[in-house]
Amino acid sequence: MPEQQQTLPDVRKSVTVAATPEHCFAVFTERPKDWWPPTHILVKKERVGLAFEPGVGGRYYEWDVDGTEIAWGRVLEWEPGRRLAMTWRINPNWQSIPDDERASEIEVDFEAVDAEHTRVTLAHVKLDKHGEGAERIFKALDGPSPGETLELFAKAVANGPRP
């Protein structure tokens, strides 16, 4: 059986911030609570934390007041100061799915523009893996840069502690 052709394009957004790629990577992976959109939530009760487990195979997940954890996905690439890639375990109804079989992927690239600025690009790729309803996800994500997530990330970099 031939491999399914991708029909939905990737959704890419970017923002340039006044920080090094290493600092941007650290903010992204060590301080997700500072930039994660408050409406992006999978737990049923009040969310109290978000975290990335460093390294390939690690989870990125959230937990609620009762300690219930839900993984948003797992890390596929972990290159500090350069690149992060992970699965995105969401179904077309914006609910958690338990594994990566029908999960699309998120790629985040950190590229030095000059000695003091970094372009951060976040891409949603392989959206077709969501199956029926994937187009609804694409339409919700597709919009002008930088988008809510990177806008909040830029504020976190600007307002947070410096290395």
# chains A, B, ... in the order shown; residues from 1 in each chain; ligands from 1
call {"tool": "residues_around", "arguments": {"residues": "A:Thr118", "least_positions_apart": "5", "cutoff": "8 Å", "atoms": "only C-alpha atoms", "output": "ChimeraX atom specification"}}
result
/A:16-21,24,110-113
call {"tool": "closest_atom_pairs", "arguments": {"of": "stretch 26-86 of chain A", "to": "stretch 99-106 of chain A", "cutoff": "8 Å", "atoms": "only C-alpha atoms", "output": "Markdown table"}}
result
| residue | atom | partner | partner_atom | distance |
| --- | --- | --- | --- | --- |
| A:Gly73 | CA | A:Asp100 | CA | 7.2 |
| A:Ala85 | CA | A:Ile106 | CA | 5.6 |
| A:Met86 | CA | A:Ile106 | CA | 5.4 |
call {"tool": "atom_distance", "arguments": {"atom1": "atom CA of A:Thr87", "atom2": "atom CA of A:Ala154"}}
result
22.5 Å
call {"tool": "residues_around", "arguments": {"residues": "A:Val108", "least_positions_apart": "4", "cutoff": "8 Å", "atoms": "only C-alpha atoms", "output": "PyMOL selection string"}}
result
chain A and resi 83-85+120-123
call {"tool": "write_last_selection", "arguments": {"atoms": "N, CA, C and O atoms", "output": "mmCIF file, in the first residue's frame"}}
result
data_model
loop_
_atom_site.group_PDB
_atom_site.id
_atom_site.type_symbol
_atom_site.label_atom_id
_atom_site.label_comp_id
_atom_site.auth_asym_id
_atom_site.auth_seq_id
_atom_site.Cartn_x
_atom_site.Cartn_y
_atom_site.Cartn_z
ATOM 1 N N ARG A 83 17.228 23.499 17.740
ATOM 2 C CA ARG A 83 15.989 22.906 17.226
ATOM 3 C C ARG A 83 15.331 22.004 18.264
ATOM 4 O O ARG A 83 15.991 21.317 19.040
ATOM 5 N N LEU A 84 14.011 22.011 18.218
ATOM 6 C CA LEU A 84 13.180 21.147 19.041
ATOM 7 C C LEU A 84 12.058 20.638 18.141
ATOM 8 O O LEU A 84 11.460 21.419 17.391
ATOM 9 N N ALA A 85 11.812 19.347 18.163
ATOM 10 C CA ALA A 85 10.686 18.780 17.414
ATOM 11 C C ALA A 85 9.961 17.812 18.329
ATOM 12 O O ALA A 85 10.592 17.134 19.149
ATOM 13 N N VAL A 120 12.735 32.789 15.828
ATOM 14 C CA VAL A 120 12.148 31.545 16.298
ATOM 15 C C VAL A 120 11.008 31.205 15.355
ATOM 16 O O VAL A 120 10.087 32.005 15.169
ATOM 17 N N THR A 121 11.095 30.041 14.740
ATOM 18 C CA THR A 121 10.064 29.589 13.800
ATOM 19 C C THR A 121 9.398 28.355 14.376
ATOM 20 O O THR A 121 10.072 27.392 14.743
ATOM 21 N N LEU A 122 8.074 28.402 14.454
ATOM 22 C CA LEU A 122 7.292 27.280 14.939
ATOM 23 C C LEU A 122 6.445 26.774 13.776
ATOM 24 O O LEU A 122 5.727 27.561 13.146
ATOM 25 N N ALA A 123 6.565 25.489 13.476
ATOM 26 C CA ALA A 123 5.821 24.906 12.358
ATOM 27 C C ALA A 123 5.004 23.712 12.821
ATOM 28 O O ALA A 123 5.503 22.848 13.549
#
call {"tool": "select_by_dssp", "arguments": {"residues": "chain A", "states": "strand (DSSP E)", "output": "PyMOL selection string"}}
result
chain A and resi 11-17+47-52+59-64+69-79+83-88+104-114+117-125
call {"tool": "atom_distance", "arguments": {"atom1": "atom CA of A:Asn93", "atom2": "atom CA of A:His40"}}
result
12.5 Å
call {"tool": "atom_distance", "arguments": {"atom1": "atom CA of A:Trp35", "atom2": "atom CA of A:Ala158"}}
result
11.1 Å
call {"tool": "residues_around", "arguments": {"residues": "A:Phe28", "least_positions_apart": "6", "cutoff": "9 Å", "atoms": "only C-alpha atoms", "output": "ChimeraX atom specification"}}
result
/A:34-35,153,157
call {"tool": "closest_residue", "arguments": {"among": "A:Trp78, A:Arg12, A:Lys33, A:Gln6", "to": "A:Pro144", "atoms": "only C-alpha atoms"}}
result
A:Arg12
call {"tool": "select_by_dssp", "arguments": {"residues": "stretch 3-158 of chain A", "states": "alpha helix (DSSP H)", "output": "PyMOL selection string"}}
result
chain A and resi 21-30+134-141+147-158
call {"tool": "write_last_selection", "arguments": {"atoms": "N, CA, C and O atoms", "output": "tab-separated table (two decimals), in the first residue's frame"}}
result
chain	number	residue	atom	x	y	z
A	21	PRO	N	20.03	32.32	20.58
A	21	PRO	CA	19.30	31.07	20.38
A	21	PRO	C	19.29	30.18	21.63
A	21	PRO	O	18.28	29.54	21.93
A	22	GLU	N	20.40	30.16	22.35
A	22	GLU	CA	20.47	29.34	23.56
A	22	GLU	C	19.47	29.81	24.62
A	22	GLU	O	18.80	29.01	25.27
A	23	HIS	N	19.39	31.12	24.80
A	23	HIS	CA	18.44	31.68	25.76
A	23	HIS	C	17.00	31.39	25.32
A	23	HIS	O	16.16	31.00	26.14
A	24	CYS	N	16.72	31.55	24.03
A	24	CYS	CA	15.38	31.28	23.51
A	24	CYS	C	14.99	29.82	23.74
A	24	CYS	O	13.86	29.52	24.16
A	25	PHE	N	15.90	28.91	23.47
A	25	PHE	CA	15.63	27.49	23.69
A	25	PHE	C	15.33	27.23	25.16
A	25	PHE	O	14.40	26.49	25.50
A	26	ALA	N	16.12	27.85	26.04
A	26	ALA	CA	15.91	27.67	27.48
A	26	ALA	C	14.54	28.20	27.91
A	26	ALA	O	13.82	27.55	28.67
A	27	VAL	N	14.15	29.37	27.44
A	27	VAL	CA	12.82	29.92	27.78
A	27	VAL	C	11.74	28.97	27.27
A	27	VAL	O	10.78	28.66	28.00
A	28	PHE	N	11.89	28.49	26.06
A	28	PHE	CA	10.88	27.61	25.47
A	28	PHE	C	10.73	26.32	26.26
A	28	PHE	O	9.61	25.89	26.54
A	29	THR	N	11.83	25.71	26.64
A	29	THR	CA	11.76	24.38	27.26
A	29	THR	C	11.74	24.40	28.79
A	29	THR	O	11.28	23.44	29.40
A	30	GLU	N	12.25	25.46	29.41
A	30	GLU	CA	12.33	25.51	30.87
A	30	GLU	C	11.25	26.38	31.51
A	30	GLU	O	11.01	26.28	32.71
A	134	ALA	N	-8.70	16.90	9.96
A	134	ALA	CA	-7.38	17.56	9.90
A	134	ALA	C	-7.48	18.94	9.27
A	134	ALA	O	-6.78	19.87	9.69
A	135	GLU	N	-8.37	19.09	8.31
A	135	GLU	CA	-8.51	20.40	7.65
A	135	GLU	C	-9.02	21.45	8.64
A	135	GLU	O	-8.63	22.61	8.59
A	136	ARG	N	-9.86	21.02	9.57
A	136	ARG	CA	-10.37	21.94	10.60
A	136	ARG	C	-9.21	22.42	11.49
A	136	ARG	O	-9.14	23.59	11.84
A	137	ILE	N	-8.29	21.52	11.81
A	137	ILE	CA	-7.12	21.91	12.59
A	137	ILE	C	-6.26	22.88	11.79
A	137	ILE	O	-5.83	23.91	12.31
A	138	PHE	N	-6.03	22.57	10.51
A	138	PHE	CA	-5.24	23.46	9.66
A	138	PHE	C	-5.84	24.86	9.64
A	138	PHE	O	-5.13	25.86	9.82
A	139	LYS	N	-7.14	24.96	9.42
A	139	LYS	CA	-7.79	26.28	9.33
A	139	LYS	C	-7.68	27.05	10.64
A	139	LYS	O	-7.53	28.27	10.63
A	140	ALA	N	-7.73	26.35	11.76
A	140	ALA	CA	-7.61	27.03	13.05
A	140	ALA	C	-6.19	27.54	13.28
A	140	ALA	O	-6.00	28.59	13.90
A	141	LEU	N	-5.20	26.81	12.79
A	141	LEU	CA	-3.81	27.20	12.99
A	141	LEU	C	-3.33	28.25	11.99
A	141	LEU	O	-2.47	29.07	12.31
A	147	GLY	N	1.27	34.78	15.57
A	147	GLY	CA	0.30	33.90	16.20
A	147	GLY	C	0.39	34.02	17.71
A	147	GLY	O	1.34	34.57	18.27
A	148	GLU	N	-0.62	33.52	18.41
A	148	GLU	CA	-0.72	33.68	19.86
A	148	GLU	C	0.47	33.08	20.60
A	148	GLU	O	1.05	33.71	21.49
A	149	THR	N	0.86	31.87	20.26
A	149	THR	CA	1.92	31.19	21.00
A	149	THR	C	3.24	31.96	20.90
A	149	THR	O	3.88	32.23	21.92
A	150	LEU	N	3.65	32.32	19.69
A	150	LEU	CA	4.93	33.02	19.55
A	150	LEU	C	4.86	34.45	20.07
A	150	LEU	O	5.87	35.00	20.53
A	151	GLU	N	3.70	35.05	20.03
A	151	GLU	CA	3.54	36.40	20.61
A	151	GLU	C	3.77	36.33	22.12
A	151	GLU	O	4.49	37.15	22.69
A	152	LEU	N	3.16	35.34	22.76
A	152	LEU	CA	3.37	35.16	24.21
A	152	LEU	C	4.82	34.77	24.51
A	152	LEU	O	5.40	35.22	25.51
A	153	PHE	N	5.42	33.95	23.65
A	153	PHE	CA	6.82	33.57	23.82
A	153	PHE	C	7.72	34.81	23.76
A	153	PHE	O	8.61	34.98	24.60
A	154	ALA	N	7.49	35.70	22.79
A	154	ALA	CA	8.30	36.91	22.66
A	154	ALA	C	8.19	37.77	23.92
A	154	ALA	O	9.19	38.33	24.39
A	155	LYS	N	6.99	37.86	24.49
A	155	LYS	CA	6.81	38.63	25.73
A	155	LYS	C	7.56	37.97	26.88
A	155	LYS	O	8.16	38.65	27.71
A	156	ALA	N	7.54	36.64	26.95
A	156	ALA	CA	8.25	35.93	28.01
A	156	ALA	C	9.76	36.16	27.91
A	156	ALA	O	10.43	36.35	28.93
A	157	VAL	N	10.28	36.18	26.69
A	157	VAL	CA	11.72	36.43	26.49
A	157	VAL	C	12.04	37.87	26.92
A	157	VAL	O	13.02	38.11	27.64
A	158	ALA	N	11.20	38.82	26.51
A	158	ALA	CA	11.45	40.23	26.81
A	158	ALA	C	11.32	40.55	28.30
A	158	ALA	O	12.06	41.36	28.84
call {"tool": "closest_residue", "arguments": {"among": "A:Glu77, A:Asp128, A:Asp142, A:Glu62", "to": "A:Leu8", "atoms": "only C-alpha atoms"}}
result
A:Asp128
call {"tool": "closest_residue", "arguments": {"among": "A:Lys45, A:Arg162, A:Arg89, A:Arg82", "to": "A:Arg119", "atoms": "only C-alpha atoms"}}
result
A:Arg82
